[in-house]
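Okay, upload01.txt is below, compact mmCIF, C-alpha atoms:
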```
# COMPACT_ATOMS: atom_id res chain seq x y z
CA MET A 29 0.00 0.00 0.00
CA SER A 30 1.56 3.34 -1.06
CA LEU A 31 2.33 6.05 1.50
CA HIS A 32 0.78 9.50 1.10
CA ILE A 33 1.26 12.87 2.79
CA ARG A 34 -1.90 12.21 4.78
CA ASP A 35 -0.32 9.01 6.15
CA LEU A 36 2.82 10.84 7.28
CA ILE A 37 0.75 13.35 9.24
CA ALA A 38 -1.28 10.51 10.76
CA LEU A 39 1.80 8.74 12.18
CA PRO A 40 1.84 9.75 15.87
CA GLU A 41 5.57 9.16 16.30
CA LEU A 42 6.36 11.87 13.73
CA ARG A 43 4.37 14.53 15.65
CA SER A 44 3.76 16.58 12.52
CA HIS A 45 0.83 18.79 11.50
CA LEU A 46 -0.19 20.53 8.30
CA LEU A 47 0.64 24.21 7.93
CA SER A 48 -0.72 24.71 4.40
CA GLY A 49 -1.63 22.95 1.14
CA ALA A 50 -4.52 20.71 2.24
CA ASP A 51 -5.38 19.91 -1.39
CA GLY A 52 -2.14 17.93 -1.70
CA LEU A 53 -2.71 15.42 1.10
CA GLU A 54 -3.15 12.55 -1.37
CA ARG A 55 0.26 13.06 -2.98
CA GLU A 56 2.23 9.83 -3.03
CA VAL A 57 5.47 9.73 -1.02
CA ARG A 58 8.39 7.73 -2.38
CA TRP A 59 11.28 9.07 -0.30
CA ALA A 60 12.30 11.83 2.14
CA HIS A 61 15.57 13.72 2.06
CA VAL A 62 17.20 16.55 4.00
CA CYS A 63 18.34 19.56 1.96
CA GLU A 64 19.26 23.02 3.24
CA LEU A 65 20.26 24.50 -0.13
CA PRO A 66 18.48 27.56 -1.58
CA ASP A 67 17.04 25.44 -4.43
CA PRO A 68 16.28 21.87 -3.27
CA SER A 69 14.54 21.12 -6.60
CA GLU A 70 18.01 20.58 -8.10
CA TRP A 71 18.53 17.61 -5.76
CA LEU A 72 15.06 16.22 -5.10
CA GLY A 73 12.52 14.90 -7.57
CA GLU A 74 8.98 13.65 -8.03
CA GLY A 75 7.50 11.95 -4.97
CA ASP A 76 10.27 13.10 -2.61
CA VAL A 77 9.54 14.92 0.66
CA LEU A 78 11.87 17.80 1.48
CA MET A 79 12.96 17.83 5.14
CA THR A 80 14.57 21.05 6.32
CA THR A 81 15.43 22.92 9.49
CA GLY A 82 14.44 26.04 7.56
CA LEU A 83 17.99 27.17 6.89
CA GLY A 84 17.39 27.36 3.13
CA VAL A 85 13.96 29.02 3.36
CA PRO A 86 14.25 32.67 2.32
CA ALA A 87 12.94 35.43 4.56
CA GLU A 88 11.54 37.77 1.87
CA PRO A 89 7.86 37.09 0.90
CA GLN A 90 8.45 37.06 -2.86
CA ALA A 91 11.47 34.78 -2.48
CA GLN A 92 9.33 32.41 -0.37
CA ARG A 93 6.73 32.24 -3.14
CA GLU A 94 9.38 31.49 -5.75
CA TYR A 95 10.90 28.87 -3.42
CA VAL A 96 7.58 26.98 -3.12
CA GLN A 97 6.85 27.36 -6.82
CA ARG A 98 10.14 25.66 -7.73
CA LEU A 99 9.40 22.78 -5.37
CA ALA A 100 5.90 22.28 -6.79
CA ASP A 101 7.11 22.45 -10.40
CA ALA A 102 9.69 19.74 -9.67
CA GLY A 103 6.93 17.33 -8.55
CA ILE A 104 8.16 17.21 -4.96
CA ALA A 105 5.47 15.63 -2.76
CA GLY A 106 5.73 18.17 0.09
CA MET A 107 8.04 19.69 2.67
CA MET A 108 8.57 19.25 6.42
CA ILE A 109 10.01 22.15 8.42
CA GLY A 110 11.42 21.60 11.89
CA GLU A 111 9.65 23.85 14.40
CA HIS A 112 11.66 26.33 16.44
CA MET A 113 14.79 25.71 14.41
CA GLN A 114 16.21 27.96 11.66
CA ALA A 115 13.19 28.89 9.53
CA PRO A 116 12.15 32.54 9.27
CA ASP A 117 9.62 33.66 11.88
CA ASN A 118 7.19 34.83 9.21
CA LEU A 119 6.16 32.09 6.77
CA ASP A 120 2.87 33.68 5.68
CA ALA A 121 3.92 34.18 2.03
CA LEU A 122 5.20 30.60 1.83
CA ALA A 123 1.96 29.26 3.34
CA ASP A 124 -0.25 31.36 1.03
CA CYS A 125 1.57 30.19 -2.10
CA ALA A 126 1.54 26.56 -0.93
CA GLN A 127 -2.21 26.77 -0.33
CA GLN A 128 -2.80 28.11 -3.84
CA LEU A 129 -0.65 25.39 -5.40
CA GLY A 130 -2.00 22.54 -3.24
CA PHE A 131 1.58 21.92 -2.07
CA PRO A 132 1.66 20.39 1.43
CA VAL A 133 3.84 22.14 4.02
CA MET A 134 4.16 20.39 7.40
CA LEU A 135 5.66 21.46 10.70
CA THR A 136 7.47 18.80 12.73
CA GLU A 137 8.21 19.09 16.44
CA TYR A 138 11.76 20.01 17.38
CA GLY A 139 12.56 16.71 19.09
CA VAL A 140 11.66 14.45 16.16
CA PRO A 141 14.76 13.36 14.19
CA PHE A 142 14.41 13.47 10.41
CA ALA A 143 15.77 9.92 10.33
CA ALA A 144 12.47 8.80 11.87
CA VAL A 145 10.61 10.13 8.83
CA THR A 146 12.91 8.25 6.47
CA ARG A 147 12.52 5.07 8.53
CA ALA A 148 8.70 5.36 8.37
CA ILE A 149 8.83 5.61 4.57
CA ILE A 150 11.21 2.63 4.34
CA ASP A 151 8.91 0.56 6.55
CA ALA A 152 5.90 1.47 4.42
CA ASN A 153 7.71 0.55 1.21
CA GLN A 154 8.85 -2.75 2.70
CA LYS A 155 5.29 -3.52 3.77
CA GLU A 156 4.03 -2.71 0.26
CA GLU A 157 6.67 -4.94 -1.31
CA TYR A 158 5.83 -7.74 1.15
CA GLN A 159 2.14 -7.45 0.28
CA ARG A 160 3.01 -7.49 -3.41
CA ARG A 161 5.18 -10.59 -3.06
CA SER A 162 2.50 -12.31 -0.99
CA ALA A 163 -0.10 -11.54 -3.66
CA LEU A 164 2.26 -12.89 -6.31
CA ALA A 165 2.78 -16.11 -4.36
CA ARG A 166 -1.00 -16.53 -4.03
CA VAL A 167 -1.43 -15.96 -7.77
CA TYR A 168 0.93 -18.81 -8.64
CA GLU A 169 -0.60 -21.09 -6.02
CA SER A 170 -3.93 -20.51 -7.80
CA ALA A 171 -2.19 -21.31 -11.10
CA ARG A 172 -0.94 -24.60 -9.63
CA LEU A 173 -4.47 -25.52 -8.52
CA SER A 174 -5.84 -24.78 -12.01
CA ILE A 175 -3.51 -27.45 -13.42
CA THR A 176 -5.04 -30.00 -11.04
CA GLY A 177 -8.55 -29.42 -12.39
CA LEU A 178 -9.76 -26.05 -11.08
CA SER A 179 -12.41 -24.58 -13.40
CA LEU A 180 -11.72 -21.28 -15.18
CA ALA A 181 -14.46 -19.54 -13.17
CA ALA A 182 -12.99 -20.88 -9.92
CA LEU A 183 -9.50 -19.78 -10.99
CA VAL A 184 -10.73 -16.25 -11.71
CA GLY A 185 -12.47 -16.21 -8.32
CA ARG A 186 -9.27 -17.22 -6.53
CA LEU A 187 -7.22 -14.62 -8.41
CA GLU A 188 -9.76 -11.95 -7.44
CA ALA A 189 -9.27 -12.87 -3.79
CA ASP A 190 -5.48 -12.93 -4.28
CA ILE A 191 -5.25 -9.32 -5.50
CA GLN A 192 -8.48 -7.86 -4.03
CA CYS A 193 -9.83 -6.74 -7.42
CA ARG A 194 -12.60 -7.82 -9.80
CA LEU A 195 -11.42 -9.67 -12.92
CA TYR A 196 -13.36 -10.06 -16.15
CA VAL A 197 -12.13 -12.35 -18.94
CA LEU A 198 -13.90 -11.13 -22.08
CA VAL A 199 -14.10 -11.59 -25.83
CA LEU A 200 -12.25 -8.58 -27.27
CA GLU A 201 -14.76 -7.75 -30.02
CA THR A 202 -17.96 -7.91 -27.95
CA LEU A 203 -16.75 -7.59 -24.34
CA LEU A 204 -18.95 -10.55 -23.45
CA PRO A 205 -17.66 -13.30 -21.13
CA TRP A 206 -15.10 -15.57 -22.81
CA ASP A 207 -16.78 -18.54 -21.15
CA GLU A 208 -20.43 -18.88 -20.15
CA GLN A 209 -19.45 -19.66 -16.53
CA LEU A 210 -17.59 -16.35 -16.14
CA ALA A 211 -19.17 -13.20 -14.72
CA PRO A 212 -20.26 -10.57 -17.28
CA LEU A 213 -19.03 -7.00 -17.17
CA PRO A 214 -21.77 -4.70 -15.73
CA ASP A 215 -23.73 -3.01 -18.52
CA THR A 216 -22.64 0.54 -17.62
CA GLN A 217 -18.97 -0.46 -17.60
CA ARG A 218 -19.30 -2.47 -20.82
CA THR A 219 -20.91 0.52 -22.58
CA ALA A 220 -18.13 2.84 -21.38
CA LEU A 221 -15.39 0.43 -22.48
CA LEU A 222 -16.95 -0.11 -25.90
CA ALA A 223 -17.12 3.66 -26.38
CA SER A 224 -13.45 4.10 -25.41
CA ARG A 225 -12.07 1.42 -27.72
CA PRO A 226 -9.76 2.64 -30.52
CA ARG A 227 -11.24 2.90 -33.98
CA HIS A 228 -10.47 0.20 -36.50
CA GLY A 229 -6.94 0.65 -37.78
CA GLU A 230 -5.73 2.64 -34.78
CA GLN A 231 -2.85 1.21 -32.81
CA GLN A 232 -4.01 -0.52 -29.64
CA PRO A 233 -1.76 -0.04 -26.58
CA MET A 234 -1.04 -3.24 -24.70
CA LEU A 235 -2.25 -1.78 -21.39
CA ARG A 236 -5.02 0.80 -21.21
CA ARG A 237 -6.45 2.73 -18.27
CA HIS A 238 -10.15 3.60 -18.52
CA THR A 239 -12.29 6.04 -16.57
CA LEU A 240 -15.61 4.37 -15.77
CA PRO A 241 -18.78 5.60 -14.03
CA GLN A 242 -17.78 3.60 -10.93
CA GLY A 243 -14.05 4.39 -10.94
CA GLU A 244 -11.10 3.26 -13.03
CA ALA A 245 -10.31 0.02 -14.87
CA LEU A 246 -7.30 -1.54 -16.54
CA SER A 247 -7.58 -3.61 -19.72
CA ILE A 248 -4.90 -5.78 -21.30
CA GLU A 249 -4.99 -8.42 -24.02
CA LEU A 250 -3.81 -11.92 -23.14
CA SER A 251 -0.56 -12.70 -24.91
CA THR A 252 -1.65 -16.27 -25.66
CA ASP A 253 -4.99 -15.25 -27.20
CA GLN A 254 -5.28 -11.74 -28.62
CA SER A 255 -9.05 -12.13 -29.04
CA CYS A 256 -9.31 -12.36 -25.24
CA LEU A 257 -9.26 -9.26 -23.02
CA LEU A 258 -8.67 -9.04 -19.26
CA VAL A 259 -10.40 -6.14 -17.50
CA VAL A 260 -9.51 -5.31 -13.88
CA THR A 261 -11.62 -3.06 -11.64
CA GLY A 262 -11.32 -2.20 -7.95
CA ASP A 263 -10.31 0.43 -5.42
CA ARG A 264 -6.58 -0.30 -5.77
CA LEU A 265 -5.62 -1.53 -9.21
CA PRO A 266 -2.52 -3.76 -9.48
CA ASP A 267 0.76 -2.42 -10.81
CA TYR A 268 2.01 -3.48 -14.23
CA GLY A 269 4.35 -6.15 -12.83
CA LEU A 270 1.57 -7.97 -10.96
CA LEU A 271 -0.76 -7.52 -13.92
CA HIS A 272 1.84 -9.16 -16.16
CA HIS A 273 1.85 -12.26 -13.92
CA LEU A 274 -1.97 -12.33 -13.91
CA THR A 275 -2.14 -12.31 -17.69
CA ALA A 276 0.50 -15.05 -17.85
CA VAL A 277 -1.50 -17.33 -15.54
CA LEU A 278 -4.86 -16.63 -17.18
CA GLY A 279 -3.36 -16.75 -20.68
CA LEU A 280 -2.00 -20.27 -20.18
CA GLU A 281 -5.33 -21.47 -18.80
CA VAL A 282 -7.31 -19.85 -21.64
CA GLN A 283 -4.92 -21.38 -24.18
CA ARG A 284 -5.33 -24.82 -22.59
CA ARG A 285 -9.12 -24.55 -22.62
CA GLN A 286 -9.13 -23.26 -26.19
CA ALA A 287 -7.13 -26.32 -27.28
CA GLU A 288 -9.61 -28.54 -25.43
CA ARG A 289 -12.53 -26.82 -27.17
CA GLU A 290 -10.94 -27.33 -30.58
CA ARG A 291 -10.35 -31.00 -29.75
CA ARG A 292 -14.01 -31.38 -28.75
CA LEU A 293 -15.08 -29.67 -31.98
CA ARG A 294 -13.02 -32.12 -34.01
CA LEU A 295 -14.20 -35.21 -32.09
CA GLY A 296 -17.82 -34.08 -32.26
CA SER A 297 -17.62 -33.52 -36.00
CA GLU A 298 -16.11 -36.99 -36.47
CA LEU A 299 -18.84 -38.64 -34.37
CA ILE A 300 -21.64 -36.91 -36.30
CA ASP A 301 -20.05 -38.04 -39.57
CA ASP A 302 -19.76 -41.63 -38.26
CA LEU A 303 -23.43 -41.62 -37.19
CA LEU A 304 -24.65 -40.33 -40.54
CA HIS A 305 -22.63 -42.91 -42.47
CA GLN A 306 -23.55 -45.83 -40.17
CA ARG A 307 -19.93 -46.63 -39.30
CA LEU A 308 -20.73 -47.58 -35.69
CA GLY A 309 -22.78 -50.20 -33.92
CA HIS A 310 -25.58 -49.14 -31.58
CA GLU A 311 -23.58 -49.87 -28.41
CA GLN A 312 -20.46 -48.16 -29.71
CA ALA A 313 -22.45 -45.11 -30.82
CA ASN A 314 -24.07 -44.73 -27.39
CA GLN A 315 -20.70 -45.16 -25.67
CA ARG A 316 -18.97 -42.47 -27.74
CA LEU A 317 -21.96 -40.16 -27.37
CA HIS A 318 -21.89 -40.59 -23.60
CA GLU A 319 -18.14 -39.89 -23.50
CA GLN A 320 -18.60 -36.55 -25.22
CA LEU A 321 -22.03 -35.59 -23.84
CA PRO A 322 -22.36 -37.34 -20.46
CA GLY A 323 -25.88 -38.52 -19.72
CA LEU A 324 -27.10 -38.27 -23.32
CA THR A 325 -28.18 -41.32 -25.33
CA LEU A 326 -29.58 -41.75 -28.81
CA ASP A 327 -33.08 -41.91 -27.29
CA GLN A 328 -32.96 -38.21 -26.24
CA ALA A 329 -30.57 -36.86 -28.89
CA VAL A 330 -31.81 -34.74 -31.81
CA PHE A 331 -30.20 -33.22 -34.89
CA SER A 332 -30.60 -29.48 -35.48
CA VAL A 333 -29.63 -27.69 -38.67
CA ALA A 334 -28.96 -24.03 -39.44
CA ARG A 335 -28.20 -22.57 -42.85
CA ALA A 336 -26.29 -19.34 -43.32
CA PRO A 337 -23.29 -18.04 -45.28
CA GLY A 338 -20.11 -17.45 -43.33
CA LEU A 339 -20.66 -20.13 -40.71
CA HIS A 340 -16.92 -20.49 -40.25
CA GLY A 341 -16.98 -16.97 -38.83
CA LYS A 342 -19.04 -18.32 -35.93
CA THR A 343 -16.40 -20.85 -34.93
CA GLU A 344 -15.46 -18.91 -31.78
CA THR A 345 -19.12 -18.82 -30.69
CA LEU A 346 -19.44 -22.54 -31.37
CA LEU A 347 -16.33 -23.28 -29.36
CA ARG A 348 -17.73 -21.39 -26.37
CA LEU A 349 -20.94 -23.45 -26.58
CA LEU A 350 -19.03 -26.74 -26.53
CA ASN A 351 -19.34 -27.20 -22.80
CA GLU A 352 -20.55 -30.80 -22.61
CA ARG A 353 -23.78 -29.67 -24.21
CA LEU A 354 -23.66 -30.30 -27.96
CA LEU A 355 -21.61 -31.65 -30.85
CA VAL A 356 -21.03 -29.58 -33.97
CA ARG A 357 -20.23 -30.22 -37.62
CA ILE A 358 -19.85 -27.48 -40.25
CA GLN A 359 -20.70 -28.75 -43.72
CA GLY A 360 -20.52 -26.05 -46.36
CA GLU A 361 -23.17 -23.49 -45.41
CA GLU A 362 -24.95 -25.95 -43.12
CA LEU A 363 -24.35 -26.18 -39.39
CA ILE A 364 -25.27 -29.60 -37.97
CA LEU A 365 -25.77 -29.85 -34.20
CA LEU A 366 -26.33 -32.94 -32.09
CA HIS A 367 -27.73 -32.24 -28.63
CA ALA A 368 -30.42 -33.07 -26.08
CA ASP A 369 -33.98 -32.20 -27.05
CA GLY A 370 -35.16 -28.93 -25.51
CA LEU A 371 -32.03 -26.81 -26.06
CA GLN A 372 -33.18 -25.46 -29.42
CA PRO A 373 -34.43 -21.99 -28.28
CA LEU A 374 -31.27 -21.33 -26.25
CA LEU A 375 -28.95 -22.42 -29.07
CA SER A 376 -30.84 -20.35 -31.64
CA GLU A 377 -30.51 -17.26 -29.43
CA GLN A 378 -26.81 -17.76 -28.71
CA LEU A 379 -25.94 -18.46 -32.34
CA ASP A 380 -28.38 -15.85 -33.70
CA LEU A 381 -29.53 -18.38 -36.34
CA ASN A 382 -32.78 -20.10 -37.33
CA LEU A 383 -32.79 -23.75 -36.29
CA GLY A 384 -34.73 -26.73 -37.64
CA SER A 385 -34.76 -29.75 -35.36
CA SER A 386 -35.51 -33.45 -35.88
CA ALA A 387 -37.45 -35.89 -33.76
CA PRO A 388 -35.28 -37.87 -31.29
CA LEU A 389 -32.93 -40.32 -33.00
CA GLN A 390 -33.93 -43.31 -30.83
CA SER A 391 -31.81 -45.65 -32.98
CA LEU A 392 -28.61 -45.48 -34.98
CA GLN A 393 -30.42 -46.42 -38.17
CA ARG A 394 -32.52 -43.21 -37.98
CA SER A 395 -29.50 -40.87 -38.13
CA ALA A 396 -29.73 -40.02 -41.84
CA GLU A 397 -33.53 -39.74 -41.65
CA ALA A 398 -33.28 -37.49 -38.59
CA LEU A 399 -30.94 -35.18 -40.48
CA ARG A 400 -33.46 -34.98 -43.32
CA GLU A 401 -36.16 -34.13 -40.76
CA ALA A 402 -33.99 -31.32 -39.39
CA LEU A 403 -33.39 -29.97 -42.91
CA LEU A 404 -37.12 -30.03 -43.64
CA ALA A 405 -37.90 -28.26 -40.36
CA CYS A 406 -35.19 -25.70 -41.09
CA ALA A 407 -36.89 -24.89 -44.40
CA HIS A 408 -40.01 -23.89 -42.42
CA THR A 409 -38.20 -21.35 -40.20
CA HIS A 410 -38.46 -17.59 -40.80
CA ALA A 411 -38.02 -14.30 -38.95
CA GLN A 412 -41.11 -14.87 -36.80
CA ARG A 413 -40.36 -18.55 -36.27
CA ARG A 414 -36.70 -18.97 -35.49
CA VAL A 415 -37.02 -22.53 -34.17
CA CYS A 416 -39.06 -25.26 -35.85
CA CYS A 417 -39.23 -28.87 -34.64
CA PHE A 418 -40.14 -31.64 -37.03
CA ALA A 419 -43.06 -32.77 -34.84
CA GLU A 420 -44.72 -29.36 -35.32
CA LEU A 421 -45.02 -29.93 -39.06
CA GLU A 422 -47.75 -32.56 -38.52
CA THR A 423 -50.14 -29.89 -37.19
CA ASP A 424 -48.86 -26.94 -39.22
CA THR A 425 -48.83 -28.55 -42.67
CA PRO A 426 -50.48 -31.99 -42.44
CA TRP A 427 -50.87 -32.16 -46.23
CA LEU A 428 -47.09 -32.01 -46.84
CA PRO A 429 -44.95 -35.18 -46.84
CA ARG A 430 -42.67 -35.53 -43.84
CA THR A 431 -40.15 -38.06 -45.19
CA PRO A 432 -38.55 -38.78 -48.55
CA ASP A 433 -40.62 -42.01 -48.79
CA GLU A 434 -43.86 -40.10 -48.21
CA ALA A 435 -42.80 -37.52 -50.78
CA MET A 436 -42.10 -40.26 -53.34
CA ARG A 437 -45.48 -41.93 -52.71
CA ALA A 438 -47.28 -38.58 -53.01
CA PHE A 439 -45.44 -37.83 -56.22
CA ARG A 440 -46.31 -41.16 -57.77
CA SER A 441 -49.98 -41.03 -56.79
CA VAL A 442 -50.57 -37.38 -57.75
CA LEU A 443 -48.07 -36.48 -60.47
CA GLY A 444 -46.83 -39.89 -61.57
CA ALA A 445 -48.92 -40.13 -64.76
CA LEU A 446 -48.14 -36.57 -65.80
CA HIS A 447 -44.43 -37.19 -65.20
```

Would you encode the structure as structure tokens?
Amino acid sequence: MSLHIRDLIALPELRSHLLSGADGLEREVRWAHVCELPDPSEWLGEGDVLMTTGLGVPAEPQAQREYVQRLADAGIAGMMIGEHMQAPDNLDALADCAQQLGFPVMLTEYGVPFAAVTRAIIDANQKEEYQRRSALARVYESARLSITGLSLAALVGRLEADIQCRLYVLVLETLLPWDEQLAPLPDTQRTALLASRPRHGEQQPMLRRHTLPQGEALSIELSTDQSCLLVVTGDRLPDYGLLHHLTAVLGLEVQRRQAERERRLRLGSELIDDLLHQRLGHEQANQRLHEQLPGLTLDQAVFSVARAPGLHGKTETLLRLLNERLLVRIQGEELILLHADGLQPLLSEQLDLNLGSSAPLQSLQRSAEALREALLACAHTHAQRRVCCFAELETDTPWLPRTPDEAMRAFRSVLGALH
């Protein structure tokens, strides 16, 4: 935790009080140094506290103003003057100028050694470094647990506790959660972040600081997946070093899960192809289906079909949906899904596509027929009917054939002679 001017005044052992410059109490203190020269700004820099007996403080009012102005321009955090030592009796001009500039001027009791001030700053810095190292150790302990099977949501939760901040792992383009189990960014913050994103073609800095309605946030892309964005919010945001370690831990986990998703996509596509071409026995089909979608059998499984150009552009969305819920195969401009009956409305909404769905497979031999049912149902979808199940066609259009065999019989009996 950083030390500020307010904290120095609050330390009882320093017995110091504010003379002027109350607007600068939140200035961060990095170091304190004694200097009795006429221009301490030549020797001290940003974040330093000037400690003086007053020997170098000029007596003339205008010279006092110029003295304070130089200190403020150099970024010095504030000054401490020893009481009843060598400072001029009249410091009114110095105090007035410090008040205008928001430059803190403190008076310290005669008996307090300046070394005590330096020691207090050292102790505070050591405490901050200890807290930082402790947080870093907790981060890598969480990383070790993720290797042993911790879920991504649980890992993010542990990391939030490790650094006392909120973490959001998001898709860069939409700022929606990268995984459905992760917490979404609040709407007001998401709107503000979307508005602050660089325009297309502009260079994107690796680390960005954003001003949000509820405070500040940091955003940084994961090095292992540049389509994934980490957003950090909280009262005390982590420094860049700690943030670098966070992105390393999360990046490796995201990369591992992305590889697992792609493997599931490949295995699911292969299983759908094997079912449609009757390459498996009934027992083997049920076993492989259960391995990829635990609890699902051919009795409850249905095929769903969506048709749209550019389906390969939805691969990332499909990968996020592959959470032991469905199998996917992309075939030209057709998207073939295998899943439990009842998920159709949710899948249609998440994919933003019209879906036609078959009756349950029930047996391996019905795979090809079930796909035809899904294609027929898909043909009956439209803007007002985004999901159509094959069973609904019996009541909606009872005069239309529902299978290729029925269509052939209708053709022969009605149009056969004309043909």

Item to complete: Tell me, in Å to one decimal, how far atom CA of Gly323 of chain A is from atom CA of Thr409 of chain A.
Response: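 Computing it gives 29.4 Å between the two atoms.
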
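Rounded to one decimal, atom CA of Leu36 of chain A and atom CA of Gln92 of chain A lie 23.8 Å from each other.
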
Item to complete: Please provide as JSON, numbers by chain all residues within 7 Å of Gly84 of chain A, with the sequence filter that same-chain residues fewer than 5 positions apart are discarded (counting all atoms listed in the file).
Response: {"A": [64, 65, 66]}

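For the residues A:Val260, A:Ala189, A:Ser297, A:Gly82, ranking by smallest atom-to-atom distance to Leu213 of chain A using only C-alpha atoms places A:Val260 first.
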
Practice prompt. Excluding Pro86 of chain A and any residue of its chain fewer than 5 positions from it, enumerate the residues within 12 Å of it, using all atoms listed in the file, and give them as a PyMOL selection string.
Written response: chain A and resi 64-67+91-96+114-122

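Take the candidates A:Ile300, A:Cys193, A:Ala329, A:Ala50 and check each one against Ser391 of chain A using all atoms listed in the file; the shortest distance goes to A:Ala329.
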
Worksheet item: From the set A:Ile109, A:Ala398, A:Ile191, A:Ala100, which residue has the shortest atom-to-atom contact distance to Cys63 of chain A, counting all atoms listed in the file?
Response: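 Among A:Ile109, A:Ala398, A:Ile191, A:Ala100, it is A:Ile109 that comes nearest to Cys63 of chain A.
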
Near-Ile364 of chain A list (7 Å; all atoms listed in the file; drop same-chain fewer than 6 positions) as a PDB file with C-alpha atoms, in the coordinates of the input:
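around06.pdb, written as the output of this step:
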```
ATOM      1  CA  PHE A 331     -30.200 -33.220 -34.890  1.00  0.00           C
ATOM      2  CA  SER A 332     -30.600 -29.480 -35.480  1.00  0.00           C
ATOM      3  CA  VAL A 333     -29.630 -27.690 -38.670  1.00  0.00           C
ATOM      4  CA  ALA A 334     -28.960 -24.030 -39.440  1.00  0.00           C
ATOM      5  CA  VAL A 356     -21.030 -29.580 -33.970  1.00  0.00           C
ATOM      6  CA  ARG A 357     -20.230 -30.220 -37.620  1.00  0.00           C
ATOM      7  CA  ILE A 358     -19.850 -27.480 -40.250  1.00  0.00           C
TER       8      ILE A 358
END
```

Worksheet item: If you measure from atom CA of Ser44 of chain A to atom CA of Gly103 of chain A, what distance in Å do you get, rounded to one decimal?
Response: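 Between atom CA of Ser44 of chain A and atom CA of Gly103 of chain A the gap is 21.3 Å.
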
Discussion item. The residues within 7 Å of (-10.9, 3.2, -8.8), using all atoms listed in the file and the coordinates of the file, should be reported as an MDAnalysis selection string; which are they?
Written reply: chainID A and resid 243:245 261:264

Worksheet entry | Distance criterion (all atoms listed in the file): nearest to Leu278 of chain A out of A:Gln378, A:Ser48, A:Gln412, A:Ser251 | A:Ser251

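The closest residue to Leu363 of chain A, picked from A:Cys406, A:Ile248, A:Gly52, A:Ala387 and counting only C-alpha atoms, is A:Cys406.
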
Once N, CA, C and O atoms are restored for segment 88-98 of chain A, what would the output be as a compact mmCIF listing (two decimals), in the frame of the given file?
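Result went into rebuild11.txt, see below:
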```
# COMPACT_ATOMS: atom_id res chain seq x y z
N GLU A 88 12.36 36.82 2.62
CA GLU A 88 11.54 37.77 1.87
C GLU A 88 10.29 37.06 1.32
O GLU A 88 10.37 35.94 0.82
N PRO A 89 9.11 37.71 1.37
CA PRO A 89 7.86 37.09 0.90
C PRO A 89 7.92 36.62 -0.55
O PRO A 89 7.51 35.50 -0.86
N GLN A 90 8.41 37.46 -1.45
CA GLN A 90 8.45 37.06 -2.86
C GLN A 90 9.40 35.89 -3.07
O GLN A 90 9.12 34.98 -3.85
N ALA A 91 10.50 35.89 -2.37
CA ALA A 91 11.47 34.78 -2.48
C ALA A 91 10.86 33.49 -1.93
O ALA A 91 11.11 32.39 -2.46
N GLN A 92 10.01 33.60 -0.89
CA GLN A 92 9.33 32.41 -0.37
C GLN A 92 8.38 31.83 -1.42
O GLN A 92 8.29 30.61 -1.58
N ARG A 93 7.66 32.71 -2.10
CA ARG A 93 6.73 32.24 -3.14
C ARG A 93 7.49 31.52 -4.26
O ARG A 93 7.06 30.47 -4.74
N GLU A 94 8.59 32.11 -4.68
CA GLU A 94 9.38 31.49 -5.75
C GLU A 94 9.97 30.16 -5.28
O GLU A 94 10.06 29.20 -6.06
N TYR A 95 10.35 30.09 -4.02
CA TYR A 95 10.90 28.87 -3.42
C TYR A 95 9.87 27.73 -3.51
O TYR A 95 10.17 26.61 -3.97
N VAL A 96 8.63 28.00 -3.09
CA VAL A 96 7.58 26.98 -3.12
C VAL A 96 7.22 26.62 -4.55
O VAL A 96 6.99 25.45 -4.87
N GLN A 97 7.20 27.62 -5.42
CA GLN A 97 6.85 27.36 -6.82
C GLN A 97 7.83 26.39 -7.46
O GLN A 97 7.43 25.48 -8.19
N ARG A 98 9.14 26.56 -7.16
CA ARG A 98 10.14 25.66 -7.73
C ARG A 98 9.94 24.23 -7.21
O ARG A 98 10.07 23.26 -7.96
```
